[in-house]
Amino acid sequence: MSGMEKSVDFAGTQGEGVARMERGVLGSSLNNEKHAGLMLEKLRPEHIYSLNNLSVYRAISETYEKDGCVSFAQVVAVLESRKVIEKIGGISFLAGLLDDAVPADALIKAYCYKIKTDAARRAFEVGAIKLQRLAESPHDSLDVQVQTLRDATATMIADDVEPNGKPTGYDAAEAISFAMDELQDRIDGNVSPAIKTGVKQFDELTTGFHPGELIILAARPGAGKTAAALSFALEAARGGHGCLFFSLEMSLEQLWYRAISNAGLIPLQRFRDPEKLTAADFENVVIKGGELGKLPLWFDCTASITVEEITIRARSQKKNGLGFVVVDYMQLVNVVGGQYREQEVAHISRSLKRLALDLNIPVLALSQLNRQIEHRTNRTPQLSDLRESGSIEQDADAVVFVHRPSMWDESVNKEEAELIISKQRNGPLGSADVRFVQECARFESASWEQSYSIPAQERGRQGETVNDWEWDQ
C-alpha cells in the first residue's frame with residue numbers, strides 16, 4: 001500500500017479488495033460520463049477507502065459538476081491544478097484506472113453498494129475505538145460512564161441510515177419503473193405490504209398500516225390504547241409480519257397474560273387470581289400460549305428507553321422478519337439531556353418517522369391526550385387534544401383516536417367504541433365502529449356492523465375533500 005493510502009488499515013486484504021473495486025468504478029467514470037453520473041449518485045467522498053482514489057473521485061466530481069461531462073484530459077487538468085497528479089502516481093496511475101474499468105451498469109451499481117457497505121463497516125470500527133477510549137477515560141461515577149457509553153453507541157447506530165433497496169428519486173425512469181413493478185406485484189397478489197388490523201371497517205378506511213408510515217394511536221388513560229395496539233400487533237404477527245412491541249409501563253409477564261387473554265378470550269382478571277382459572281381455562285392457556293409462542297412477536301419491556309435504543313433494537317430485529325413496530329407510549333420515552341418537553345416529543349416523533357422510512361415498515365406510536373377533553377360537553381377527541389401536539393401532528397401520517405362513550409355516559413353499552421381517524425395523508429377521514437371486550441383487553445370488528453361514517457368537515461387535515469374518495473359500501 002502506497003504512502004498516500006490511509007494511514008490506518010482497518011481492512012487489510014479486504015480493504016485492498018475494496019480499493020480495486022473503487023479503481024474499477026473510477027476507470028469506468030473516466031471512460032463514460034453516464035457511469036460518472038451513476039458513481040456520483042451512489043458514492044460520497046467519505047465512502048472512498050484509498051486516498052489516491054479519493055483524489056481522482058474529487059477531480060471527476062468537480063469536472064462533472066462544472067461541465068456536465070467527464071474526460072481523461074479534464075480530470076488530468078484538475079489534478080494538475082491541485083498539484084496532486086504526481087503524488088498519486090502521475091498519468092500512469094490514471095491509465096491504470098482505465099485498464100481496470102468495468103463496462104456494465106449493473107456491475108458498477110454492485111461495486112458501489114459494496115464500497116458503501118465497507119465504508120459503514122470502517123465507520124463502526126472507528127466508532128468502536130472511540131467507545132474504547134470513552135470507556136477508559138475517567139468519569140464522575142460508574143453510572144455516568146455507562147450512560148455516556150450507551151448514548152454514544154445509540155447515536156452512532158441511529159445516525160447510520162440503513163439502505164431499504166429503493167431507488168433514488170433523481171432517476172425518474174428507474175423510480176417509476178420501481179413503483180409500477182411494486183404496484184403490479186400487489187395486483188398479482190405477490191406481496192401484501194399493508195398490515196391489516198383485523199377490524200373490518202377500519203381496514204376499509206385505511207387499507208391497513210403501510211410501510212414507511214408513522215401512525216399515532218391516542219386516547220385518555222383507561223380508554224384501551226394498549227388493548228387496541230396489542231390486538232393490532234397480534235393480527236400483524238398472525239399475518240406473518242414480525243412485530244416488535246415496546247412497552248414502557250408494563251412487565252413482560254403482564255403483556256403475555258394480556259396476549260393470551262386476548263387470543264383465548266380468557267378474562268384477564270383470572271390471571272391476577274390464578275385460583276379462579278378453571279381446568280378448561282388452563283387448557284386454553286396452554287394451547288394459546290403454544291400458538292402465540294410460534295408467532296413472530298417480540299416484547300421489549302425496558303422501562304427507561306431512549307428513541308435511539310428503540311432504533312437499535314428495531315434494526316437488529318430486521319433480519320428476523322421485522323415488519324411492524326409498536327411503541328407504548330411516546331410520552332414515556334426517555335430523552336437524554338432534554339430541557340423542554342415539546343422539544344423532546346418533537347425529537348421522539350421525528351425519530352420514529354425516520355425509523356419507519358429507514359426500515360420501510362409501519363410504526364404505531366401510542367400517545368396520551370391532555371385533560372382539556374374532560375372539561376368539554378362534547379368529549380369526542382380531536383387533534384388539539386394531543387399532548388405536545390404540534391410535532392406529533394406534523395410527523396404522523398395518520399392520527400387515530402380510541403373513543404369509548406361509556407367512559408362519560410353510563411347509559412351507553414360498555415362494548416361500544418370507535419376508532420376515529422382525524423388525520424390520514426393517503427386516505428379519507430372517518431370513524432370505524434369497534435367492539436371493546438374489556439375483560440380480555442381486546443378490540444375487534446363491531447358485531448352490529450354499522451356502516452362507517454365520514455365527518456362533514458375535514459378535522460385537522462388539508463387536502464382532498466370527502467367527495468374525492470369513493471369505495472364500495
# chains A, B, ... in the order shown; residues from 1 in each chain; ligands from 1

call {"tool": "residues_around", "arguments": {"residues": "Ala194 of chain A", "least_positions_apart": "3", "cutoff": "7 Å", "atoms": "only C-alpha atoms", "output": "list of chain:residue names"}}
result
A:Gly208, A:Phe209, A:His210, A:Pro211

call {"tool": "write_last_selection", "arguments": {"atoms": "N, CA, C and O atoms", "output": "CSV table (one decimal), in the first residue's frame"}}
result
chain,number,residue,atom,x,y,z
A,208,GLY,N,-55.2,-0.6,5.8
A,208,GLY,CA,-54.2,-1.2,6.7
A,208,GLY,C,-53.1,-0.2,7.0
A,208,GLY,O,-53.1,0.9,6.5
A,209,PHE,N,-52.1,-0.6,7.7
A,209,PHE,CA,-50.9,0.2,8.0
A,209,PHE,C,-49.8,-0.1,7.0
A,209,PHE,O,-49.5,-1.3,6.7
A,210,HIS,N,-49.3,0.9,6.4
A,210,HIS,CA,-48.4,0.8,5.2
A,210,HIS,C,-46.9,1.1,5.6
A,210,HIS,O,-46.7,1.9,6.5
A,211,PRO,N,-46.0,0.5,4.9
A,211,PRO,CA,-44.6,0.7,5.1
A,211,PRO,C,-44.2,2.2,5.0
A,211,PRO,O,-44.7,2.9,4.2

call {"tool": "residues_around", "arguments": {"residues": "Arg272 of chain A", "least_positions_apart": "4", "cutoff": "12 Å", "atoms": "only C-alpha atoms", "output": "PyMOL selection string"}}
result
chain A and resi 253-254+257-258+261+266-268+276-277

call {"tool": "select_by_dssp", "arguments": {"residues": "segment 122-352 of chain A", "states": "alpha helix (DSSP H)", "output": "ChimeraX atom specification"}}
result
/A:122-136,142-158,172-188,200-206,225-238,252-264,269-272,279-293,307-318,341-352

call {"tool": "closest_residue", "arguments": {"among": "A:Lys87, A:Ser391, A:Ala104, A:Arg376", "to": "Glu342 of chain A", "atoms": "only C-alpha atoms"}}
result
A:Ser391

call {"tool": "residues_around", "arguments": {"residues": "Asp385 of chain A", "least_positions_apart": "6", "cutoff": "12 Å", "atoms": "only C-alpha atoms", "output": "list in words"}}
result
Ala218, Ala219, Arg220, Ser367, Gln368, Leu369, Asn370, Arg371, Gln372, Ile373, Glu374, His375, Arg376, Arg379, Ile392, Glu393, Val399, Val400, Phe401, Ser422 and Gly460 of chain A

call {"tool": "residues_around", "arguments": {"residues": "segment 291-303 of chain A", "least_positions_apart": "6", "cutoff": "12 Å", "atoms": "only C-alpha atoms", "output": "PyMOL selection string"}}
result
chain A and resi 230-264+284-285+309-310+313-314+317-329+332-334

call {"tool": "decode", "arguments": {"residues": "segment 246-269 of chain A", "atoms": "N, CA, C and O atoms", "output": "PDB file, in the first residue's frame"}}
result
ATOM      1  N   PHE A 246     -42.782  -2.380  22.024  1.00  0.00           N
ATOM      2  CA  PHE A 246     -42.093  -1.744  23.139  1.00  0.00           C
ATOM      3  C   PHE A 246     -43.137  -1.258  24.148  1.00  0.00           C
ATOM      4  O   PHE A 246     -44.004  -0.461  23.813  1.00  0.00           O
ATOM      5  N   SER A 247     -43.038  -1.765  25.374  1.00  0.00           N
ATOM      6  CA  SER A 247     -43.923  -1.298  26.440  1.00  0.00           C
ATOM      7  C   SER A 247     -43.081  -0.662  27.527  1.00  0.00           C
ATOM      8  O   SER A 247     -42.175  -1.286  28.074  1.00  0.00           O
ATOM      9  N   LEU A 248     -43.395   0.591  27.835  1.00  0.00           N
ATOM     10  CA  LEU A 248     -42.622   1.326  28.829  1.00  0.00           C
ATOM     11  C   LEU A 248     -43.325   1.388  30.173  1.00  0.00           C
ATOM     12  O   LEU A 248     -42.849   2.065  31.090  1.00  0.00           O
ATOM     13  N   GLU A 249     -44.474   0.696  30.297  1.00  0.00           N
ATOM     14  CA  GLU A 249     -45.191   0.753  31.572  1.00  0.00           C
ATOM     15  C   GLU A 249     -45.717  -0.600  32.030  1.00  0.00           C
ATOM     16  O   GLU A 249     -46.352  -0.685  33.079  1.00  0.00           O
ATOM     17  N   MET A 250     -45.450  -1.669  31.303  1.00  0.00           N
ATOM     18  CA  MET A 250     -45.910  -2.995  31.708  1.00  0.00           C
ATOM     19  C   MET A 250     -44.739  -3.964  31.730  1.00  0.00           C
ATOM     20  O   MET A 250     -43.767  -3.810  30.987  1.00  0.00           O
ATOM     21  N   SER A 251     -44.873  -4.998  32.563  1.00  0.00           N
ATOM     22  CA  SER A 251     -43.839  -6.027  32.645  1.00  0.00           C
ATOM     23  C   SER A 251     -44.055  -7.057  31.546  1.00  0.00           C
ATOM     24  O   SER A 251     -45.121  -7.120  30.915  1.00  0.00           O
ATOM     25  N   LEU A 252     -43.042  -7.884  31.338  1.00  0.00           N
ATOM     26  CA  LEU A 252     -43.113  -8.893  30.283  1.00  0.00           C
ATOM     27  C   LEU A 252     -44.247  -9.881  30.530  1.00  0.00           C
ATOM     28  O   LEU A 252     -45.007 -10.211  29.610  1.00  0.00           O
ATOM     29  N   GLU A 253     -44.387 -10.338  31.783  1.00  0.00           N
ATOM     30  CA  GLU A 253     -45.440 -11.315  32.056  1.00  0.00           C
ATOM     31  C   GLU A 253     -46.827 -10.703  31.910  1.00  0.00           C
ATOM     32  O   GLU A 253     -47.773 -11.359  31.441  1.00  0.00           O
ATOM     33  N   GLN A 254     -46.973  -9.419  32.249  1.00  0.00           N
ATOM     34  CA  GLN A 254     -48.268  -8.760  32.085  1.00  0.00           C
ATOM     35  C   GLN A 254     -48.674  -8.717  30.613  1.00  0.00           C
ATOM     36  O   GLN A 254     -49.838  -8.955  30.267  1.00  0.00           O
ATOM     37  N   LEU A 255     -47.717  -8.419  29.750  1.00  0.00           N
ATOM     38  CA  LEU A 255     -48.026  -8.355  28.325  1.00  0.00           C
ATOM     39  C   LEU A 255     -48.410  -9.725  27.775  1.00  0.00           C
ATOM     40  O   LEU A 255     -49.354  -9.847  26.982  1.00  0.00           O
ATOM     41  N   TRP A 256     -47.695 -10.761  28.201  1.00  0.00           N
ATOM     42  CA  TRP A 256     -48.023 -12.098  27.706  1.00  0.00           C
ATOM     43  C   TRP A 256     -49.358 -12.567  28.269  1.00  0.00           C
ATOM     44  O   TRP A 256     -50.121 -13.255  27.575  1.00  0.00           O
ATOM     45  N   TYR A 257     -49.691 -12.219  29.502  1.00  0.00           N
ATOM     46  CA  TYR A 257     -51.012 -12.546  30.038  1.00  0.00           C
ATOM     47  C   TYR A 257     -52.094 -11.868  29.198  1.00  0.00           C
ATOM     48  O   TYR A 257     -53.128 -12.465  28.874  1.00  0.00           O
ATOM     49  N   ARG A 258     -51.847 -10.613  28.854  1.00  0.00           N
ATOM     50  CA  ARG A 258     -52.818  -9.894  28.019  1.00  0.00           C
ATOM     51  C   ARG A 258     -52.948 -10.549  26.646  1.00  0.00           C
ATOM     52  O   ARG A 258     -54.053 -10.659  26.098  1.00  0.00           O
ATOM     53  N   ALA A 259     -51.810 -10.942  26.059  1.00  0.00           N
ATOM     54  CA  ALA A 259     -51.843 -11.572  24.733  1.00  0.00           C
ATOM     55  C   ALA A 259     -52.624 -12.876  24.766  1.00  0.00           C
ATOM     56  O   ALA A 259     -53.443 -13.159  23.878  1.00  0.00           O
ATOM     57  N   ILE A 260     -52.397 -13.698  25.811  1.00  0.00           N
ATOM     58  CA  ILE A 260     -53.103 -14.976  25.934  1.00  0.00           C
ATOM     59  C   ILE A 260     -54.579 -14.734  26.213  1.00  0.00           C
ATOM     60  O   ILE A 260     -55.455 -15.415  25.660  1.00  0.00           O
ATOM     61  N   SER A 261     -54.879 -13.741  27.053  1.00  0.00           N
ATOM     62  CA  SER A 261     -56.265 -13.395  27.329  1.00  0.00           C
ATOM     63  C   SER A 261     -56.972 -12.949  26.058  1.00  0.00           C
ATOM     64  O   SER A 261     -58.105 -13.352  25.777  1.00  0.00           O
ATOM     65  N   ASN A 262     -56.291 -12.126  25.262  1.00  0.00           N
ATOM     66  CA  ASN A 262     -56.839 -11.616  24.007  1.00  0.00           C
ATOM     67  C   ASN A 262     -57.120 -12.757  23.036  1.00  0.00           C
ATOM     68  O   ASN A 262     -58.190 -12.823  22.425  1.00  0.00           O
ATOM     69  N   ALA A 263     -56.146 -13.655  22.899  1.00  0.00           N
ATOM     70  CA  ALA A 263     -56.266 -14.733  21.917  1.00  0.00           C
ATOM     71  C   ALA A 263     -57.235 -15.824  22.363  1.00  0.00           C
ATOM     72  O   ALA A 263     -57.950 -16.410  21.538  1.00  0.00           O
ATOM     73  N   GLY A 264     -57.260 -16.105  23.663  1.00  0.00           N
ATOM     74  CA  GLY A 264     -58.070 -17.205  24.168  1.00  0.00           C
ATOM     75  C   GLY A 264     -59.390 -16.803  24.760  1.00  0.00           C
ATOM     76  O   GLY A 264     -60.159 -17.658  25.220  1.00  0.00           O
ATOM     77  N   LEU A 265     -59.684 -15.473  24.741  1.00  0.00           N
ATOM     78  CA  LEU A 265     -60.922 -14.948  25.338  1.00  0.00           C
ATOM     79  C   LEU A 265     -61.079 -15.420  26.784  1.00  0.00           C
ATOM     80  O   LEU A 265     -62.158 -15.830  27.219  1.00  0.00           O
ATOM     81  N   ILE A 266     -59.984 -15.360  27.511  1.00  0.00           N
ATOM     82  CA  ILE A 266     -59.975 -15.708  28.932  1.00  0.00           C
ATOM     83  C   ILE A 266     -59.939 -14.408  29.722  1.00  0.00           C
ATOM     84  O   ILE A 266     -59.044 -13.582  29.508  1.00  0.00           O
ATOM     85  N   PRO A 267     -60.878 -14.161  30.610  1.00  0.00           N
ATOM     86  CA  PRO A 267     -60.875 -12.902  31.372  1.00  0.00           C
ATOM     87  C   PRO A 267     -59.524 -12.629  32.025  1.00  0.00           C
ATOM     88  O   PRO A 267     -58.953 -13.496  32.702  1.00  0.00           O
ATOM     89  N   LEU A 268     -59.028 -11.426  31.797  1.00  0.00           N
ATOM     90  CA  LEU A 268     -57.702 -11.064  32.285  1.00  0.00           C
ATOM     91  C   LEU A 268     -57.623 -11.113  33.806  1.00  0.00           C
ATOM     92  O   LEU A 268     -56.562 -11.414  34.370  1.00  0.00           O
ATOM     93  N   GLN A 269     -58.708 -10.851  34.472  1.00  0.00           N
ATOM     94  CA  GLN A 269     -58.724 -10.845  35.925  1.00  0.00           C
ATOM     95  C   GLN A 269     -58.305 -12.199  36.494  1.00  0.00           C
ATOM     96  O   GLN A 269     -57.726 -12.278  37.586  1.00  0.00           O
TER      97      GLN A 269
END
